[in-house]
>>> print(open('coords37.pdb').read())   # PDB, C-alpha atoms, pLDDT in the B column
MODEL        1
ATOM      1  CA  GLY A   1     105.555  96.944  87.785  1.00 50.00           C
ATOM      2  CA  ALA A   2     103.087  98.416  85.328  1.00 48.00           C
ATOM      3  CA  GLY A   3     105.752  98.009  82.651  1.00 46.00           C
ATOM      4  CA  ALA A   4     107.346  94.798  81.463  1.00 42.00           C
ATOM      5  CA  SER A   5     108.769  92.509  84.130  1.00 41.00           C
ATOM      6  CA  PRO A   6     111.466  89.972  83.159  1.00 42.00           C
ATOM      7  CA  SER A   7     110.167  87.042  85.202  1.00 42.00           C
ATOM      8  CA  SER A   8     107.664  85.899  87.790  1.00 43.00           C
ATOM      9  CA  SER A   9     108.781  86.492  91.358  1.00 45.00           C
ATOM     10  CA  SER A  10     107.450  86.680  94.876  1.00 48.00           C
ATOM     11  CA  THR A  11     108.843  89.025  97.483  1.00 47.00           C
ATOM     12  CA  ILE A  12     107.866  90.126 100.950  1.00 49.00           C
ATOM     13  CA  ILE A  13     107.179  93.838 101.177  1.00 46.00           C
ATOM     14  CA  THR A  14     108.336  95.603 104.323  1.00 44.00           C
ATOM     15  CA  PRO A  15     107.152  99.115 105.203  1.00 45.00           C
ATOM     16  CA  GLY A  16     109.464 101.794 103.865  1.00 45.00           C
ATOM     17  CA  ALA A  17     109.798 105.553 104.048  1.00 45.00           C
ATOM     18  CA  VAL A  18     107.127 107.856 102.686  1.00 41.00           C
ATOM     19  CA  PRO A  19     108.090 108.792  99.081  1.00 43.00           C
ATOM     20  CA  THR A  20     110.006 112.042  98.732  1.00 40.00           C
ATOM     21  CA  GLY A  21     110.641 114.383  95.845  1.00 42.00           C
ATOM     22  CA  SER A  22     108.017 115.886  93.553  1.00 41.00           C
ATOM     23  CA  LEU A  23     105.150 113.654  94.664  1.00 40.00           C
ATOM     24  CA  PRO A  24     102.618 115.420  96.928  1.00 38.00           C
ATOM     25  CA  PRO A  25     101.415 114.053 100.240  1.00 36.00           C
ATOM     26  CA  ILE A  26      98.499 111.718  99.785  1.00 33.00           C
ATOM     27  CA  ASN A  27      96.182 113.935 101.820  1.00 30.00           C
ATOM     28  CA  SER A  28      96.477 116.677  99.195  1.00 29.00           C
ATOM     29  CA  TYR A  29      93.517 117.268  96.894  1.00 29.00           C
ATOM     30  CA  PRO A  30      91.785 115.227  95.567  1.00 32.00           C
ATOM     31  CA  VAL A  31      92.406 112.067  97.567  1.00 31.00           C
ATOM     32  CA  THR A  32      92.817 111.305 101.254  1.00 30.00           C
ATOM     33  CA  GLY A  33      94.197 108.380 103.164  1.00 32.00           C
ATOM     34  CA  PRO A  34      97.421 106.902 104.520  1.00 32.00           C
ATOM     35  CA  THR A  35     100.649 107.063 102.612  1.00 33.00           C
ATOM     36  CA  ALA A  36     102.241 103.758 101.792  1.00 32.00           C
ATOM     37  CA  SER A  37     105.431 102.497 100.245  1.00 34.00           C
ATOM     38  CA  GLY A  38     107.606  99.444 100.459  1.00 33.00           C
ATOM     39  CA  THR A  39     110.874  97.812  99.617  1.00 31.00           C
ATOM     40  CA  ALA A  40     111.339  94.387  98.107  1.00 33.00           C
ATOM     41  CA  SER A  41     113.795  91.715  99.178  1.00 31.00           C
ATOM     42  CA  ALA A  42     114.518  88.006  98.833  1.00 32.00           C
ATOM     43  CA  PRO A  43     114.944  87.193  95.113  1.00 33.00           C
ATOM     44  CA  ALA A  44     113.355  84.017  93.821  1.00 36.00           C
ATOM     45  CA  GLY A  45     116.564  82.137  93.174  1.00 36.00           C
ATOM     46  CA  GLY A  46     119.962  81.918  94.802  1.00 39.00           C
ATOM     47  CA  SER A  47     123.454  80.628  94.352  1.00 38.00           C
ATOM     48  CA  GLY A  48     124.511  77.229  95.573  1.00 40.00           C
ATOM     49  CA  GLY A  49     127.856  75.638  96.145  1.00 40.00           C
ATOM     50  CA  ASN A  50     128.889  72.027  95.830  1.00 42.00           C
ATOM     51  CA  GLY A  51     125.261  70.980  95.647  1.00 40.00           C
ATOM     52  CA  ALA A  52     124.077  73.128  98.604  1.00 39.00           C
ATOM     53  CA  ALA A  53     120.598  74.613  98.646  1.00 38.00           C
ATOM     54  CA  GLY A  54     120.248  77.979  96.897  1.00 38.00           C
ATOM     55  CA  GLY A  55     118.896  81.024  98.691  1.00 39.00           C
ATOM     56  CA  GLY A  56     115.399  82.448  98.326  1.00 39.00           C
ATOM     57  CA  GLY A  57     113.727  79.055  98.167  1.00 40.00           C
ATOM     58  CA  GLY A  58     115.756  77.683  95.263  1.00 40.00           C
ATOM     59  CA  SER A  59     117.397  74.271  95.458  1.00 39.00           C
ATOM     60  CA  GLY A  60     121.097  74.273  94.702  1.00 39.00           C
ATOM     61  CA  THR A  61     122.849  72.238  92.066  1.00 39.00           C
ATOM     62  CA  GLY A  62     126.447  71.073  91.951  1.00 39.00           C
ATOM     63  CA  GLY A  63     129.215  73.176  90.554  1.00 41.00           C
ATOM     64  CA  GLY A  64     128.452  76.259  92.599  1.00 39.00           C
ATOM     65  CA  SER A  65     125.217  77.415  90.938  1.00 38.00           C
ATOM     66  CA  GLY A  66     121.693  77.568  92.333  1.00 36.00           C
ATOM     67  CA  SER A  67     118.396  77.015  90.566  1.00 37.00           C
ATOM     68  CA  GLY A  68     114.678  76.994  91.346  1.00 38.00           C
ATOM     69  CA  SER A  69     112.136  79.589  92.418  1.00 40.00           C
ATOM     70  CA  GLY A  70     110.968  80.836  95.794  1.00 45.00           C
ATOM     71  CA  SER A  71     107.706  79.949  97.480  1.00 53.00           C
ATOM     72  CA  VAL A  72     104.939  82.452  96.767  1.00 62.00           C
ATOM     73  CA  GLY A  73     103.360  82.535 100.225  1.00 84.00           C
ATOM     74  CA  GLY A  74     100.433  84.643 101.346  1.00 86.00           C
ATOM     75  CA  VAL A  75      96.801  84.273 100.300  1.00 86.00           C
ATOM     76  CA  PRO A  76      94.961  85.829  97.331  1.00 88.00           C
ATOM     77  CA  VAL A  77      93.069  89.100  97.672  1.00 88.00           C
ATOM     78  CA  GLY A  78      89.604  88.448  99.080  1.00 82.00           C
ATOM     79  CA  SER A  79      90.689  85.458 101.146  1.00 87.00           C
ATOM     80  CA  THR A  80      90.234  85.447 104.915  1.00 89.00           C
ATOM     81  CA  GLY A  81      92.705  87.911 106.444  1.00 89.00           C
ATOM     82  CA  CYS A  82      93.546  89.622 103.126  1.00 92.00           C
ATOM     83  CA  VAL A  83      91.815  92.992 102.779  1.00 93.00           C
ATOM     84  CA  LEU A  84      93.469  95.162 100.107  1.00 94.00           C
ATOM     85  CA  SER A  85      92.818  98.897  99.726  1.00 95.00           C
ATOM     86  CA  VAL A  86      93.702 100.704  96.480  1.00 97.00           C
ATOM     87  CA  GLN A  87      94.141 104.452  95.940  1.00 97.00           C
ATOM     88  CA  VAL A  88      95.347 106.616  93.048  1.00 97.00           C
ATOM     89  CA  GLN A  89      97.422 109.730  93.692  1.00 96.00           C
ATOM     90  CA  LEU A  90      98.335 112.365  91.093  1.00 97.00           C
ATOM     91  CA  ASP A  91     101.777 113.967  90.944  1.00 96.00           C
ATOM     92  CA  LYS A  92     100.167 117.421  91.055  1.00 94.00           C
ATOM     93  CA  THR A  93      97.922 119.120  93.605  1.00 91.00           C
ATOM     94  CA  SER A  94      95.390 121.918  93.417  1.00 91.00           C
ATOM     95  CA  PRO A  95      93.900 124.001  96.247  1.00 91.00           C
ATOM     96  CA  SER A  96      90.517 123.903  94.495  1.00 88.00           C
ATOM     97  CA  GLY A  97      89.278 121.848  91.593  1.00 91.00           C
ATOM     98  CA  PRO A  98      91.120 119.195  89.570  1.00 96.00           C
ATOM     99  CA  PRO A  99      94.861 119.710  88.951  1.00 97.00           C
ATOM    100  CA  VAL A 100      95.763 121.128  85.526  1.00 97.00           C
ATOM    101  CA  TYR A 101      98.531 119.795  83.265  1.00 98.00           C
ATOM    102  CA  ALA A 102      99.877 122.305  80.765  1.00 97.00           C
ATOM    103  CA  SER A 103     100.389 121.314  77.150  1.00 96.00           C
ATOM    104  CA  GLY A 104     103.364 118.952  76.949  1.00 94.00           C
ATOM    105  CA  GLN A 105     103.130 117.830  80.597  1.00 96.00           C
ATOM    106  CA  ASP A 106     102.495 114.105  81.070  1.00 97.00           C
ATOM    107  CA  PRO A 107     100.459 113.085  84.132  1.00 97.00           C
ATOM    108  CA  ALA A 108     102.037 110.604  86.529  1.00 97.00           C
ATOM    109  CA  PHE A 109     100.073 108.460  88.958  1.00 97.00           C
ATOM    110  CA  ASN A 110     100.906 106.523  92.101  1.00 97.00           C
ATOM    111  CA  VAL A 111      98.832 103.408  92.717  1.00 97.00           C
ATOM    112  CA  ILE A 112      98.954 102.967  96.497  1.00 97.00           C
ATOM    113  CA  LEU A 113      98.135  99.571  97.984  1.00 96.00           C
ATOM    114  CA  ARG A 114      97.723  98.670 101.651  1.00 96.00           C
ATOM    115  CA  ASN A 115      96.884  95.399 103.362  1.00 94.00           C
ATOM    116  CA  GLN A 116      94.206  96.245 105.922  1.00 95.00           C
ATOM    117  CA  GLY A 117      93.688  92.626 106.915  1.00 94.00           C
ATOM    118  CA  THR A 118      95.321  90.396 109.506  1.00 95.00           C
ATOM    119  CA  GLY A 119      97.096  87.932 107.199  1.00 94.00           C
ATOM    120  CA  ASN A 120      99.719  88.004 104.464  1.00 95.00           C
ATOM    121  CA  CYS A 121      98.170  89.238 101.208  1.00 93.00           C
ATOM    122  CA  ARG A 122      99.376  88.067  97.777  1.00 92.00           C
ATOM    123  CA  PHE A 123      98.820  90.052  94.562  1.00 90.00           C
ATOM    124  CA  ASP A 124     100.291  90.715  91.101  1.00 91.00           C
ATOM    125  CA  VAL A 125     101.972  94.099  90.493  1.00 89.00           C
ATOM    126  CA  SER A 126     102.805  93.521  86.825  1.00 89.00           C
ATOM    127  CA  GLY A 127     101.257  95.645  84.098  1.00 87.00           C
ATOM    128  CA  LYS A 128      98.476  93.082  83.884  1.00 87.00           C
ATOM    129  CA  GLY A 129      97.942  92.947  87.644  1.00 92.00           C
ATOM    130  CA  VAL A 130      97.857  96.700  88.319  1.00 94.00           C
ATOM    131  CA  VAL A 131      95.458  98.084  85.707  1.00 96.00           C
ATOM    132  CA  VAL A 132      95.314 101.873  85.376  1.00 97.00           C
ATOM    133  CA  THR A 133      92.488 103.323  83.267  1.00 98.00           C
ATOM    134  CA  VAL A 134      91.957 106.873  81.981  1.00 98.00           C
ATOM    135  CA  THR A 135      88.514 107.983  80.812  1.00 98.00           C
ATOM    136  CA  SER A 136      87.153 111.169  79.269  1.00 98.00           C
ATOM    137  CA  VAL A 137      84.906 112.982  81.737  1.00 97.00           C
ATOM    138  CA  ASP A 138      82.900 114.590  78.918  1.00 94.00           C
ATOM    139  CA  SER A 139      82.092 111.369  77.032  1.00 95.00           C
ATOM    140  CA  ASN A 140      82.645 108.837  79.846  1.00 95.00           C
ATOM    141  CA  ALA A 141      84.579 106.781  77.287  1.00 96.00           C
ATOM    142  CA  GLN A 142      87.779 104.917  78.104  1.00 97.00           C
ATOM    143  CA  VAL A 143      90.737 106.429  76.280  1.00 97.00           C
ATOM    144  CA  TRP A 144      93.662 104.475  77.741  1.00 97.00           C
ATOM    145  CA  SER A 145      94.372 101.361  79.789  1.00 96.00           C
ATOM    146  CA  SER A 146      97.758 100.135  80.983  1.00 94.00           C
ATOM    147  CA  ALA A 147      96.620  96.545  80.377  1.00 92.00           C
ATOM    148  CA  ILE A 148      96.049  96.909  76.617  1.00 93.00           C
ATOM    149  CA  CYS A 149      98.893  95.364  74.603  1.00 91.00           C
ATOM    150  CA  ASN A 150     100.853  94.834  77.838  1.00 90.00           C
ATOM    151  CA  THR A 151     103.186  91.832  77.601  1.00 90.00           C
ATOM    152  CA  SER A 152     104.634  91.878  81.124  1.00 90.00           C
ATOM    153  CA  LYS A 153     104.805  88.658  83.130  1.00 92.00           C
ATOM    154  CA  GLU A 154     103.223  88.002  86.504  1.00 91.00           C
ATOM    155  CA  ASP A 155     105.095  89.716  89.357  1.00 91.00           C
ATOM    156  CA  LEU A 156     103.750  88.467  92.686  1.00 92.00           C
ATOM    157  CA  ARG A 157     104.257  90.403  95.912  1.00 90.00           C
ATOM    158  CA  VAL A 158     103.209  89.650  99.481  1.00 92.00           C
ATOM    159  CA  LEU A 159     102.144  92.309 101.990  1.00 92.00           C
ATOM    160  CA  GLY A 160     101.946  91.650 105.704  1.00 94.00           C
ATOM    161  CA  PRO A 161      99.244  93.243 107.880  1.00 95.00           C
ATOM    162  CA  ALA A 162      99.298  97.076 107.665  1.00 95.00           C
ATOM    163  CA  ASP A 163     102.103  96.976 105.073  1.00 95.00           C
ATOM    164  CA  GLY A 164     101.926  99.119 101.931  1.00 95.00           C
ATOM    165  CA  PHE A 165     103.267  99.230  98.393  1.00 94.00           C
ATOM    166  CA  THR A 166     103.342 102.035  95.800  1.00 95.00           C
ATOM    167  CA  GLU A 167     103.437 101.426  92.042  1.00 93.00           C
ATOM    168  CA  PRO A 168     104.255 104.484  89.846  1.00 94.00           C
ATOM    169  CA  VAL A 169     102.617 104.759  86.411  1.00 94.00           C
ATOM    170  CA  LYS A 170     103.122 107.478  83.788  1.00 94.00           C
ATOM    171  CA  TRP A 171     100.650 108.308  81.017  1.00 96.00           C
ATOM    172  CA  THR A 172     101.979 109.965  77.850  1.00 97.00           C
ATOM    173  CA  ARG A 173      98.636 111.524  76.835  1.00 98.00           C
ATOM    174  CA  VAL A 174      97.833 108.939  74.164  1.00 97.00           C
ATOM    175  CA  GLN A 175      94.879 106.700  73.386  1.00 96.00           C
ATOM    176  CA  SER A 176      95.208 102.944  73.627  1.00 95.00           C
ATOM    177  CA  PRO A 177      95.814 101.740  70.046  1.00 89.00           C
ATOM    178  CA  ALA A 178      93.167  99.796  68.139  1.00 85.00           C
ATOM    179  CA  GLY A 179      95.835  97.184  67.425  1.00 87.00           C
ATOM    180  CA  CYS A 180      99.108  96.523  69.200  1.00 90.00           C
ATOM    181  CA  ALA A 181     101.085  97.319  66.032  1.00 88.00           C
ATOM    182  CA  ALA A 182      99.307 100.646  65.541  1.00 91.00           C
ATOM    183  CA  THR A 183     100.809 103.979  66.543  1.00 92.00           C
ATOM    184  CA  PRO A 184      99.047 105.445  69.613  1.00 92.00           C
ATOM    185  CA  GLN A 185      97.285 108.732  68.864  1.00 94.00           C
ATOM    186  CA  PRO A 186      97.443 111.721  71.232  1.00 96.00           C
ATOM    187  CA  VAL A 187      94.355 112.793  73.146  1.00 97.00           C
ATOM    188  CA  GLY A 188      92.981 116.317  73.066  1.00 96.00           C
ATOM    189  CA  ALA A 189      92.673 118.864  75.830  1.00 97.00           C
ATOM    190  CA  GLY A 190      89.845 118.348  78.289  1.00 97.00           C
ATOM    191  CA  SER A 191      88.804 116.773  81.571  1.00 98.00           C
ATOM    192  CA  TYR A 192      89.875 113.229  82.374  1.00 98.00           C
ATOM    193  CA  ALA A 193      89.619 110.783  85.265  1.00 98.00           C
ATOM    194  CA  VAL A 194      92.021 108.044  86.330  1.00 98.00           C
ATOM    195  CA  THR A 195      91.354 104.944  88.384  1.00 98.00           C
ATOM    196  CA  ALA A 196      93.174 101.692  89.123  1.00 98.00           C
ATOM    197  CA  ALA A 197      92.210  98.114  89.890  1.00 96.00           C
ATOM    198  CA  VAL A 198      94.250  95.360  91.534  1.00 94.00           C
ATOM    199  CA  SER A 199      92.925  91.815  91.916  1.00 91.00           C
ATOM    200  CA  GLY A 200      89.356  93.035  91.490  1.00 90.00           C
ATOM    201  CA  VAL A 201      89.684  95.902  93.997  1.00 94.00           C
ATOM    202  CA  SER A 202      89.162  99.343  92.407  1.00 96.00           C
ATOM    203  CA  ALA A 203      90.274 102.789  93.547  1.00 97.00           C
ATOM    204  CA  ALA A 204      88.031 105.839  93.554  1.00 97.00           C
ATOM    205  CA  SER A 205      88.549 107.857  90.372  1.00 97.00           C
ATOM    206  CA  VAL A 206      90.525 111.115  90.453  1.00 97.00           C
ATOM    207  CA  GLN A 207      89.895 113.931  87.961  1.00 98.00           C
ATOM    208  CA  PHE A 208      92.444 116.165  86.246  1.00 98.00           C
ATOM    209  CA  THR A 209      92.545 118.553  83.286  1.00 98.00           C
ATOM    210  CA  LEU A 210      94.783 118.543  80.213  1.00 98.00           C
ATOM    211  CA  GLN A 211      95.482 121.792  78.394  1.00 97.00           C
TER     212      GLN A 211
ENDMDL
END
>>> encode(input="coords37.pdb", output="structure tokens")
Amino acid sequence: GAGASPSSSSTIITPGAVPTGSLPPINSYPVTGPTASGTASAPAGGSGGNGAAGGGGGSGTGGGSGSGSGSVGGVPVGSTGCVLSVQVQLDKTSPSGPPVYASGQDPAFNVILRNQGTGNCRFDVSGKGVVVTVTSVDSNAQVWSSAICNTSKEDLRVLGPADGFTEPVKWTRVQSPAGCAATPQPVGAGSYAVTAAVSGVSAASVQFTLQ
């Protein structure tokens, strides 16, 4: 996900239920489009027994343990049959104008991906693969990026045609630090915009206000 991921993996995403809870429907202001979510299955390795092949693409070793990693599968974004759409959804709605977050409220975003092509689409959903960026509307300057100082490992996923995947990201109202050892500084009140990019495909920006 956008946070640290323990190891590289590849899983097939199957369509799941529309997210429930506090998240608004995706056709609420200020974005429109289809909702999308998914569930992951088939871990990269598996257990073996007496030298049998391990599950998930891993080859088994003797003594009842499996080793190896699963086949990635799919084709990269931009390849024939792989057409990825990316959207950003806020966790708040507003009947008119950008949603407002009161002092002390941290904005949360859903990065919604959908394969609109005809083939299996492969992409990285780690913190380096799904890059969320917040900019100041007043200065047009970037204030935070999920990719800065992110040490997560590649986390490959595969979407079939018309399948979707949702990656949640929370922003704690801080600037990206000048150095990874530095303490992030809080941002001030004002108007901000968030966008996301996955494998070179960018979402339309969405504005919100911090009090």
>>> atom_distance(input="coords37.pdb", atom1="atom CA of A:Asn120", atom2="atom CA of A:Ala197")
19.3 Å
>>> atom_distance(input="coords37.pdb", atom1="atom CA of A:Gly73", atom2="atom CA of A:Thr151")
24.5 Å
>>> closest_residue(input="coords37.pdb", among="A:Ser103, A:Asn110, A:Ser202, A:Thr183", to="A:Val169", atoms="all atoms listed in the file")
A:Asn110
>>> resolve_selection(input="coords37.pdb", expression="the PyMOL selection byres ((chain A and resi 75) around 8)", output="ChimeraX atom specification")
/A:73-74,76-77,79,82,119-122
>>> closest_residue(input="coords37.pdb", among="A:Leu84, A:Asp106, A:Trp171, A:Ala182", to="A:Gly200", atoms="all atoms listed in the file")
A:Leu84
>>> residues_around(input="coords37.pdb", residues="A:Ser139", least_positions_apart="6", cutoff="12 Å", atoms="all atoms listed in the file", output="PDB file with C-alpha atoms, keeping the file's coordinate frame")
ATOM      1  CA  GLY A 190      89.845 118.348  78.289  1.00 97.00           C
ATOM      2  CA  SER A 191      88.804 116.773  81.571  1.00 98.00           C
ATOM      3  CA  TYR A 192      89.875 113.229  82.374  1.00 98.00           C
ATOM      4  CA  ALA A 193      89.619 110.783  85.265  1.00 98.00           C
TER       5      ALA A 193
END
>>> closest_residue(input="coords37.pdb", among="A:Thr80, A:Leu113, A:Gln185, A:Ile148", to="A:Thr133", atoms="only C-alpha atoms")
A:Ile148
>>> resolve_selection(input="coords37.pdb", expression="the PyMOL selection byres ((chain A and resi 163) around 6)", output="PyMOL selection string")
chain A and resi 15+114-115+159-162+164
>>> resolve_selection(input="coords37.pdb", expression="the PyMOL selection byres ((chain A and resi 134) around 8)", output="short mmCIF file (atom, residue, chain, number, x, y, z; two decimals) with C-alpha atoms, in the frame of the given file")
data_model
loop_
_atom_site.label_atom_id
_atom_site.label_comp_id
_atom_site.auth_asym_id
_atom_site.auth_seq_id
_atom_site.Cartn_x
_atom_site.Cartn_y
_atom_site.Cartn_z
CA VAL A 132 95.31 101.87 85.38
CA THR A 133 92.49 103.32 83.27
CA THR A 135 88.51 107.98 80.81
CA SER A 136 87.15 111.17 79.27
CA GLN A 142 87.78 104.92 78.10
CA VAL A 143 90.74 106.43 76.28
CA TRP A 144 93.66 104.48 77.74
CA SER A 145 94.37 101.36 79.79
CA TYR A 192 89.88 113.23 82.37
CA ALA A 193 89.62 110.78 85.26
CA VAL A 194 92.02 108.04 86.33
CA THR A 195 91.35 104.94 88.38
#
>>> axis_aligned_box(input="coords37.pdb", around="stretch 92-99 of chain A", padding_each_side="3 Å", output="JSON")
{"center_x": 94.7, "center_y": 120.7, "center_z": 92.6, "size_x": 16.9, "size_y": 12.6, "size_z": 13.3}
>>> build_atoms(input="coords37.pdb", residues="stretch 143-167 of chain A", atoms="N, CA and C atoms", output="compact mmCIF listing (two decimals), keeping the file's coordinate frame")
# COMPACT_ATOMS: atom_id res chain seq x y z
N VAL A 143 89.78 106.02 77.31
CA VAL A 143 90.74 106.43 76.28
C VAL A 143 92.06 105.68 76.39
N TRP A 144 92.38 105.18 77.59
CA TRP A 144 93.66 104.48 77.74
C TRP A 144 93.59 103.50 78.90
N SER A 145 94.24 102.36 78.72
CA SER A 145 94.37 101.36 79.79
C SER A 145 95.78 100.79 79.75
N SER A 146 96.40 100.67 80.91
CA SER A 146 97.76 100.14 80.98
C SER A 146 97.81 98.66 80.64
N ALA A 147 96.65 97.99 80.64
CA ALA A 147 96.62 96.54 80.38
C ALA A 147 96.58 96.22 78.89
N ILE A 148 96.18 97.18 78.05
CA ILE A 148 96.05 96.91 76.62
C ILE A 148 97.43 96.77 75.98
N CYS A 149 97.63 95.68 75.29
CA CYS A 149 98.89 95.36 74.60
C CYS A 149 100.07 95.26 75.58
N ASN A 150 99.80 94.99 76.84
CA ASN A 150 100.85 94.83 77.84
C ASN A 150 101.33 93.39 77.85
N THR A 151 102.63 93.18 77.69
CA THR A 151 103.19 91.83 77.60
C THR A 151 103.98 91.44 78.84
N SER A 152 103.86 92.19 79.92
CA SER A 152 104.63 91.88 81.12
C SER A 152 104.18 90.57 81.75
N LYS A 153 105.09 89.92 82.46
CA LYS A 153 104.80 88.66 83.13
C LYS A 153 104.36 88.90 84.57
N GLU A 154 103.70 87.91 85.13
CA GLU A 154 103.22 88.00 86.50
C GLU A 154 104.36 88.33 87.47
N ASP A 155 104.11 89.27 88.36
CA ASP A 155 105.10 89.72 89.36
C ASP A 155 104.41 89.73 90.72
N LEU A 156 104.48 88.62 91.43
CA LEU A 156 103.75 88.47 92.69
C LEU A 156 104.49 89.12 93.84
N ARG A 157 103.73 89.81 94.69
CA ARG A 157 104.26 90.40 95.91
C ARG A 157 103.38 89.97 97.08
N VAL A 158 103.95 90.01 98.27
CA VAL A 158 103.21 89.65 99.48
C VAL A 158 103.33 90.79 100.49
N LEU A 159 102.18 91.27 100.96
CA LEU A 159 102.14 92.31 101.99
C LEU A 159 101.67 91.71 103.30
N GLY A 160 102.40 92.02 104.38
CA GLY A 160 101.95 91.65 105.70
C GLY A 160 100.88 92.62 106.19
N PRO A 161 100.26 92.35 107.33
CA PRO A 161 99.24 93.24 107.88
C PRO A 161 99.77 94.67 108.05
N ALA A 162 99.00 95.64 107.57
CA ALA A 162 99.30 97.08 107.66
C ALA A 162 100.45 97.51 106.77
N ASP A 163 101.02 96.60 105.98
CA ASP A 163 102.10 96.98 105.07
C ASP A 163 101.53 97.62 103.81
N GLY A 164 102.36 98.43 103.13
CA GLY A 164 101.93 99.12 101.93
C GLY A 164 102.92 98.99 100.80
N PHE A 165 102.45 99.31 99.60
CA PHE A 165 103.27 99.23 98.39
C PHE A 165 102.78 100.29 97.42
N THR A 166 103.71 101.00 96.76
CA THR A 166 103.34 102.04 95.80
C THR A 166 103.91 101.70 94.43
N GLU A 167 103.05 101.71 93.42
CA GLU A 167 103.44 101.43 92.04
C GLU A 167 103.27 102.69 91.20
